[in-house]
Amino acid sequence: MKRPKPNRPQKSQGVITNLDTEDIKSTTEKTVFAILFTISFCHLLNDMMQSVIPAVYPIIKDKYKLSFTQIGLITLTFQLTASLLQPFVGRYTDKKPRPFSLSIGMGFTLIGLVALAYATSFYLILLSVALIGLGSSVFHPESSRVAHLASGGQKGLAQSIFQVGGNAGSAVGPLLAAVIIVPYGQFYIIWFALAAILGMLVLIRVGKWYQAKLLWTKKSPKTEVNIHGPYLSKKRVSWSIAILLVLIFSKYFYMASMTSYFTFYLIQKFNVSVQASQLYLFAFLGAVAIGTVMGGSLGDKFGRKYIIWVSILGVAPFTLLLPYVGLVWTIILAVIIGLILSSAFSAILVYATDLVPGKVGMIAGLFFGFAFGMGGIGSAFLGWLADRTSIDYIFRLCAYLPLLGIITGFLPNLEHHPKGHK
């Protein structure tokens, strides 16, 4: 029987186009790297703009005479708005995907950045970072789904490519802040709004690809990649999710100490300049970006449970040593910690989506949201604790958090190893 000709939308130039039926069909079987790198680039822009917030802490702390507790509250406000809505956004878009919500989320970030550049008080700063956090809560669940749809079955690799964009943005943000904002002042945050505008334009193109894929999926549901969930009871699945969330807690509480207070630690303990501290923070965050790529691909190859175990528990010797060494070894250990610890998140997220198949948006929202929430709560708590003790003390305390990685042993083995055994 002769197959009817599909409607073929006109293609446009560039990386992302409106794909026709045959193009979309091929993307269900192959990894669509053009989409993955594009959404990763948008993740870079998104997290680069977000990383401006902790990067300017030394400036606004002096300018507005803020305490460490108030610094922690700024992070808490941002992280809570970036986390609380994510599971709800993800659950909603699991049922009713909204391809163009990606660019809308970036619009909230744009408004927040402009407001932060003009903020003149602690409370206006809180409002500004809340808007930036709201943009993040809209962006992450749907962009994770895009990465999943474009994975072609290589879910760990796809999630790592997506995630490394965010980590690279988090690394580049403090570096750009050291060059643009630190020498010239708070108002120069306005330049980062250009990145938000660029992100909105690119995400409109991604939304078109996403929309075309959804339309084809509705017409040809039988050609979708079949997802087989693990044969586990609901109780075992819930227990496993709880273990993963504890691991996220340990990872992001420790990360909060580094992203929010590492610059203060270096300035107070080693008397380095503000700009030098930003460069050292960039070294740590750059290592985080590299480790993220390693974690996803290694998880696909060797099994995600083992990567999670090594990433969380394996970093403990280095975190325990860091508070007791000199400047050079502090930077070296920070880079090692960034490489190892960052390899966990992609493996954890894909492991969780395998536990609950068909709920990518909800699971991505839950884990991104919980990660941001733990980062915010951790930053606020550690700021409160630093005011009452010292910055050095919180680094000595947080050094024990990776020991929680021992509970990874209670997770079931889900992956089919390349050799065929579980």
# chains A, B, ... in the order shown; residues from 1 in each chain; ligands from 1
call {"tool": "residues_around", "arguments": {"residues": "A:Thr75", "least_positions_apart": "4", "cutoff": "7 Å", "atoms": "only C-alpha atoms", "output": "PDB file with N, CA and C atoms, in the first residue's frame"}}
result
ATOM      1  N   ILE A  71      22.576  37.205  54.223  1.00  0.00           N
ATOM      2  CA  ILE A  71      23.106  36.592  52.999  1.00  0.00           C
ATOM      3  C   ILE A  71      22.454  35.226  52.800  1.00  0.00           C
ATOM      4  N   GLN A  79      16.375  30.084  46.365  1.00  0.00           N
ATOM      5  CA  GLN A  79      16.296  28.636  46.221  1.00  0.00           C
ATOM      6  C   GLN A  79      14.882  28.119  46.455  1.00  0.00           C
ATOM      7  N   GLY A 376      19.244  26.171  49.349  1.00  0.00           N
ATOM      8  CA  GLY A 376      18.797  27.399  50.006  1.00  0.00           C
ATOM      9  C   GLY A 376      18.738  27.272  51.509  1.00  0.00           C
ATOM     10  N   SER A 379      22.257  27.099  52.818  1.00  0.00           N
ATOM     11  CA  SER A 379      22.928  28.395  52.837  1.00  0.00           C
ATOM     12  C   SER A 379      22.443  29.262  53.990  1.00  0.00           C
ATOM     13  N   ALA A 380      21.121  29.266  54.210  1.00  0.00           N
ATOM     14  CA  ALA A 380      20.579  30.064  55.310  1.00  0.00           C
ATOM     15  C   ALA A 380      21.053  29.545  56.664  1.00  0.00           C
TER      16      ALA A 380
END
call {"tool": "closest_residue", "arguments": {"among": "A:Leu403, A:Ile248, A:Ile74, A:Leu322", "to": "A:Leu266", "atoms": "only C-alpha atoms"}}
result
A:Leu322
call {"tool": "atom_distance", "arguments": {"atom1": "atom CA of A:Phe367", "atom2": "atom CA of A:Leu279"}}
result
29.2 Å
call {"tool": "residues_around", "arguments": {"residues": "A:Ile204", "least_positions_apart": "3", "cutoff": "12 Å", "atoms": "only C-alpha atoms", "output": "CSV table (one decimal) with C-alpha atoms, in the first residue's frame"}}
result
chain,number,residue,atom,x,y,z
A,16,ILE,CA,16.9,23.9,15.3
A,17,THR,CA,14.1,23.6,12.7
A,18,ASN,CA,10.5,22.6,12.4
A,38,THR,CA,21.0,23.8,22.3
A,39,ILE,CA,19.1,23.1,25.5
A,42,CYS,CA,20.2,27.6,27.3
A,98,ARG,CA,3.9,23.5,27.3
A,99,PRO,CA,6.8,23.8,24.8
A,100,PHE,CA,6.9,27.6,24.9
A,101,SER,CA,6.9,27.8,28.7
A,102,LEU,CA,10.7,27.5,28.4
A,103,SER,CA,11.0,31.1,27.0
A,104,ILE,CA,8.4,32.4,29.4
A,105,GLY,CA,10.5,31.1,32.3
A,106,MET,CA,13.5,32.9,30.9
A,107,GLY,CA,11.4,36.1,30.8
A,197,ILE,CA,17.0,37.9,25.9
A,198,LEU,CA,19.3,35.6,23.9
A,199,GLY,CA,18.0,32.6,25.9
A,200,MET,CA,14.4,33.6,25.2
A,201,LEU,CA,15.0,33.7,21.4
A,207,GLY,CA,9.9,25.0,21.7
A,208,LYS,CA,9.1,24.6,18.0
A,209,TRP,CA,11.0,21.4,17.8
A,210,TYR,CA,9.4,20.2,21.0
A,211,GLN,CA,5.9,21.1,19.7
call {"tool": "atom_distance", "arguments": {"atom1": "atom CA of A:Leu203", "atom2": "atom CA of A:Leu127"}}
result
25.0 Å
call {"tool": "select_by_dssp", "arguments": {"residues": "stretch 303-340 of chain A", "states": "alpha helix (DSSP H)", "output": "ChimeraX atom specification"}}
result
/A:304-313,316-321,327-340
call {"tool": "residues_around", "arguments": {"residues": "A:Ile406", "least_positions_apart": "5", "cutoff": "12 Å", "atoms": "only C-alpha atoms", "output": "list in words"}}
result
Ile243, Leu244, Val246, Leu247, Ser250, Lys305, Tyr306, Ile308, Trp309, Val310, Ser311, Ile312, Leu313, Gly314, Val315, Ala316, Tyr400, Leu401 and Leu411 of chain A
call {"tool": "write_last_selection", "arguments": {"atoms": "N, CA and C atoms", "output": "short mmCIF file (atom, residue, chain, number, x, y, z; two decimals), in the first residue's frame"}}
result
data_model
loop_
_atom_site.label_atom_id
_atom_site.label_comp_id
_atom_site.auth_asym_id
_atom_site.auth_seq_id
_atom_site.Cartn_x
_atom_site.Cartn_y
_atom_site.Cartn_z
N ILE A 243 15.80 7.49 49.77
CA ILE A 243 17.26 7.38 49.86
C ILE A 243 17.93 8.38 48.92
N LEU A 244 17.41 8.49 47.70
CA LEU A 244 17.98 9.44 46.73
C LEU A 244 17.88 10.87 47.23
N VAL A 246 17.85 11.82 50.38
CA VAL A 246 18.85 12.01 51.43
C VAL A 246 20.23 12.28 50.80
N LEU A 247 20.53 11.56 49.72
CA LEU A 247 21.81 11.79 49.03
C LEU A 247 21.87 13.19 48.42
N SER A 250 22.69 15.60 51.23
CA SER A 250 24.11 15.63 51.60
C SER A 250 24.93 16.37 50.56
N LYS A 305 23.92 3.23 40.00
CA LYS A 305 24.04 3.04 41.45
C LYS A 305 25.51 3.15 41.88
N TYR A 306 26.40 2.58 41.10
CA TYR A 306 27.82 2.59 41.48
C TYR A 306 28.43 3.99 41.35
N ILE A 308 26.72 6.77 41.75
CA ILE A 308 26.19 7.52 42.89
C ILE A 308 27.02 7.23 44.14
N TRP A 309 27.31 5.96 44.36
CA TRP A 309 28.08 5.54 45.53
C TRP A 309 29.46 6.20 45.56
N VAL A 310 30.16 6.09 44.44
CA VAL A 310 31.51 6.66 44.36
C VAL A 310 31.47 8.17 44.49
N SER A 311 30.47 8.80 43.87
CA SER A 311 30.42 10.26 43.84
C SER A 311 30.17 10.86 45.21
N ILE A 312 29.26 10.27 45.99
CA ILE A 312 28.93 10.84 47.30
C ILE A 312 29.92 10.39 48.36
N LEU A 313 30.01 9.08 48.57
CA LEU A 313 30.90 8.57 49.63
C LEU A 313 32.37 8.76 49.27
N GLY A 314 32.69 8.65 47.99
CA GLY A 314 34.09 8.72 47.57
C GLY A 314 34.74 10.08 47.77
N VAL A 315 33.92 11.13 47.91
CA VAL A 315 34.48 12.47 48.07
C VAL A 315 34.82 12.77 49.53
N ALA A 316 34.36 11.94 50.46
CA ALA A 316 34.52 12.22 51.90
C ALA A 316 35.97 12.44 52.34
N TYR A 400 31.68 16.28 56.96
CA TYR A 400 31.18 14.95 57.30
C TYR A 400 29.95 14.55 56.48
N LEU A 401 29.33 15.48 55.77
CA LEU A 401 28.10 15.19 55.04
C LEU A 401 28.23 14.07 54.01
N LEU A 411 20.06 0.87 47.76
CA LEU A 411 19.32 1.04 46.51
C LEU A 411 19.33 -0.26 45.70
#
call {"tool": "closest_residue", "arguments": {"among": "A:Leu215, A:Val293, A:Ala117, A:Ile267", "to": "A:Ala168", "atoms": "only C-alpha atoms"}}
result
A:Val293
call {"tool": "residues_around", "arguments": {"residues": "A:Lys359", "least_positions_apart": "3", "cutoff": "8 Å", "atoms": "only C-alpha atoms", "output": "PDB file with N, CA and C atoms, in the first residue's frame"}}
result
ATOM      1  N   ARG A  91       4.621  18.056  37.169  1.00  0.00           N
ATOM      2  CA  ARG A  91       3.439  17.189  37.161  1.00  0.00           C
ATOM      3  C   ARG A  91       2.402  17.686  36.163  1.00  0.00           C
ATOM      4  N   ASP A  94       3.635  16.990  32.618  1.00  0.00           N
ATOM      5  CA  ASP A  94       3.559  15.572  32.257  1.00  0.00           C
ATOM      6  C   ASP A  94       2.234  15.285  31.554  1.00  0.00           C
ATOM      7  N   THR A 353      14.100   8.556  37.379  1.00  0.00           N
ATOM      8  CA  THR A 353      13.129   8.446  36.284  1.00  0.00           C
ATOM      9  C   THR A 353      12.943   6.996  35.859  1.00  0.00           C
ATOM     10  N   VAL A 356      10.393   5.585  38.305  1.00  0.00           N
ATOM     11  CA  VAL A 356       9.014   6.033  38.061  1.00  0.00           C
ATOM     12  C   VAL A 356       8.887   6.402  36.584  1.00  0.00           C
ATOM     13  N   MET A 362       7.621  15.407  36.434  1.00  0.00           N
ATOM     14  CA  MET A 362       7.404  15.434  37.876  1.00  0.00           C
ATOM     15  C   MET A 362       8.684  15.070  38.638  1.00  0.00           C
ATOM     16  N   ILE A 363       9.373  14.013  38.179  1.00  0.00           N
ATOM     17  CA  ILE A 363      10.599  13.583  38.864  1.00  0.00           C
ATOM     18  C   ILE A 363      11.691  14.632  38.719  1.00  0.00           C
TER      19      ILE A 363
END
call {"tool": "closest_atom_pairs", "arguments": {"of": "stretch 122-169 of chain A", "to": "stretch 189-195 of chain A", "cutoff": "12 Å", "atoms": "only C-alpha atoms", "output": "tab-separated table"}}
result
residue	atom	partner	partner_atom	distance
A:Ser128	CA	A:Ile189	CA	11.8
A:Ile132	CA	A:Ala193	CA	11.2
A:Gly169	CA	A:Ala195	CA	11.1
call {"tool": "write_last_selection", "arguments": {"atoms": "N, CA and C atoms", "output": "compact mmCIF listing (two decimals), in the first residue's frame"}}
result
# COMPACT_ATOMS: atom_id res chain seq x y z
N SER A 128 13.87 40.59 43.93
CA SER A 128 14.57 40.37 42.67
C SER A 128 15.00 38.91 42.52
N ILE A 132 14.00 35.70 39.82
CA ILE A 132 14.98 34.86 39.13
C ILE A 132 14.72 33.39 39.46
N GLY A 169 27.58 27.27 33.23
CA GLY A 169 27.06 28.61 33.48
C GLY A 169 27.32 29.06 34.90
call {"tool": "closest_residue", "arguments": {"among": "A:Tyr252, A:Tyr280, A:Phe187, A:Phe270", "to": "A:Gly375", "atoms": "only C-alpha atoms"}}
result
A:Tyr252
call {"tool": "closest_residue", "arguments": {"among": "A:Phe282, A:Gln159, A:Ala364, A:Phe264", "to": "A:Leu176", "atoms": "only C-alpha atoms"}}
result
A:Phe282
call {"tool": "closest_residue", "arguments": {"among": "A:Ile348, A:Val274, A:Gln163, A:Tyr184", "to": "A:Gly291", "atoms": "only C-alpha atoms"}}
result
A:Gln163
call {"tool": "residues_around", "arguments": {"residues": "A:Phe41", "least_positions_apart": "5", "cutoff": "9 Å", "atoms": "only C-alpha atoms", "output": "PyMOL selection string"}}
result
chain A and resi 36+46+162+165-166+169+199
call {"tool": "residues_around", "arguments": {"residues": "stretch 386-388 of chain A", "least_positions_apart": "5", "cutoff": "12 Å", "atoms": "only C-alpha atoms", "output": "count of residues only"}}
result
21
call {"tool": "closest_residue", "arguments": {"among": "A:Pro97, A:Gly326, A:Gly133, A:Pro317", "to": "A:Val360", "atoms": "only C-alpha atoms"}}
result
A:Pro97
call {"tool": "atom_distance", "arguments": {"atom1": "atom CA of A:Leu281", "atom2": "atom CA of A:Ile180"}}
result
15.9 Å
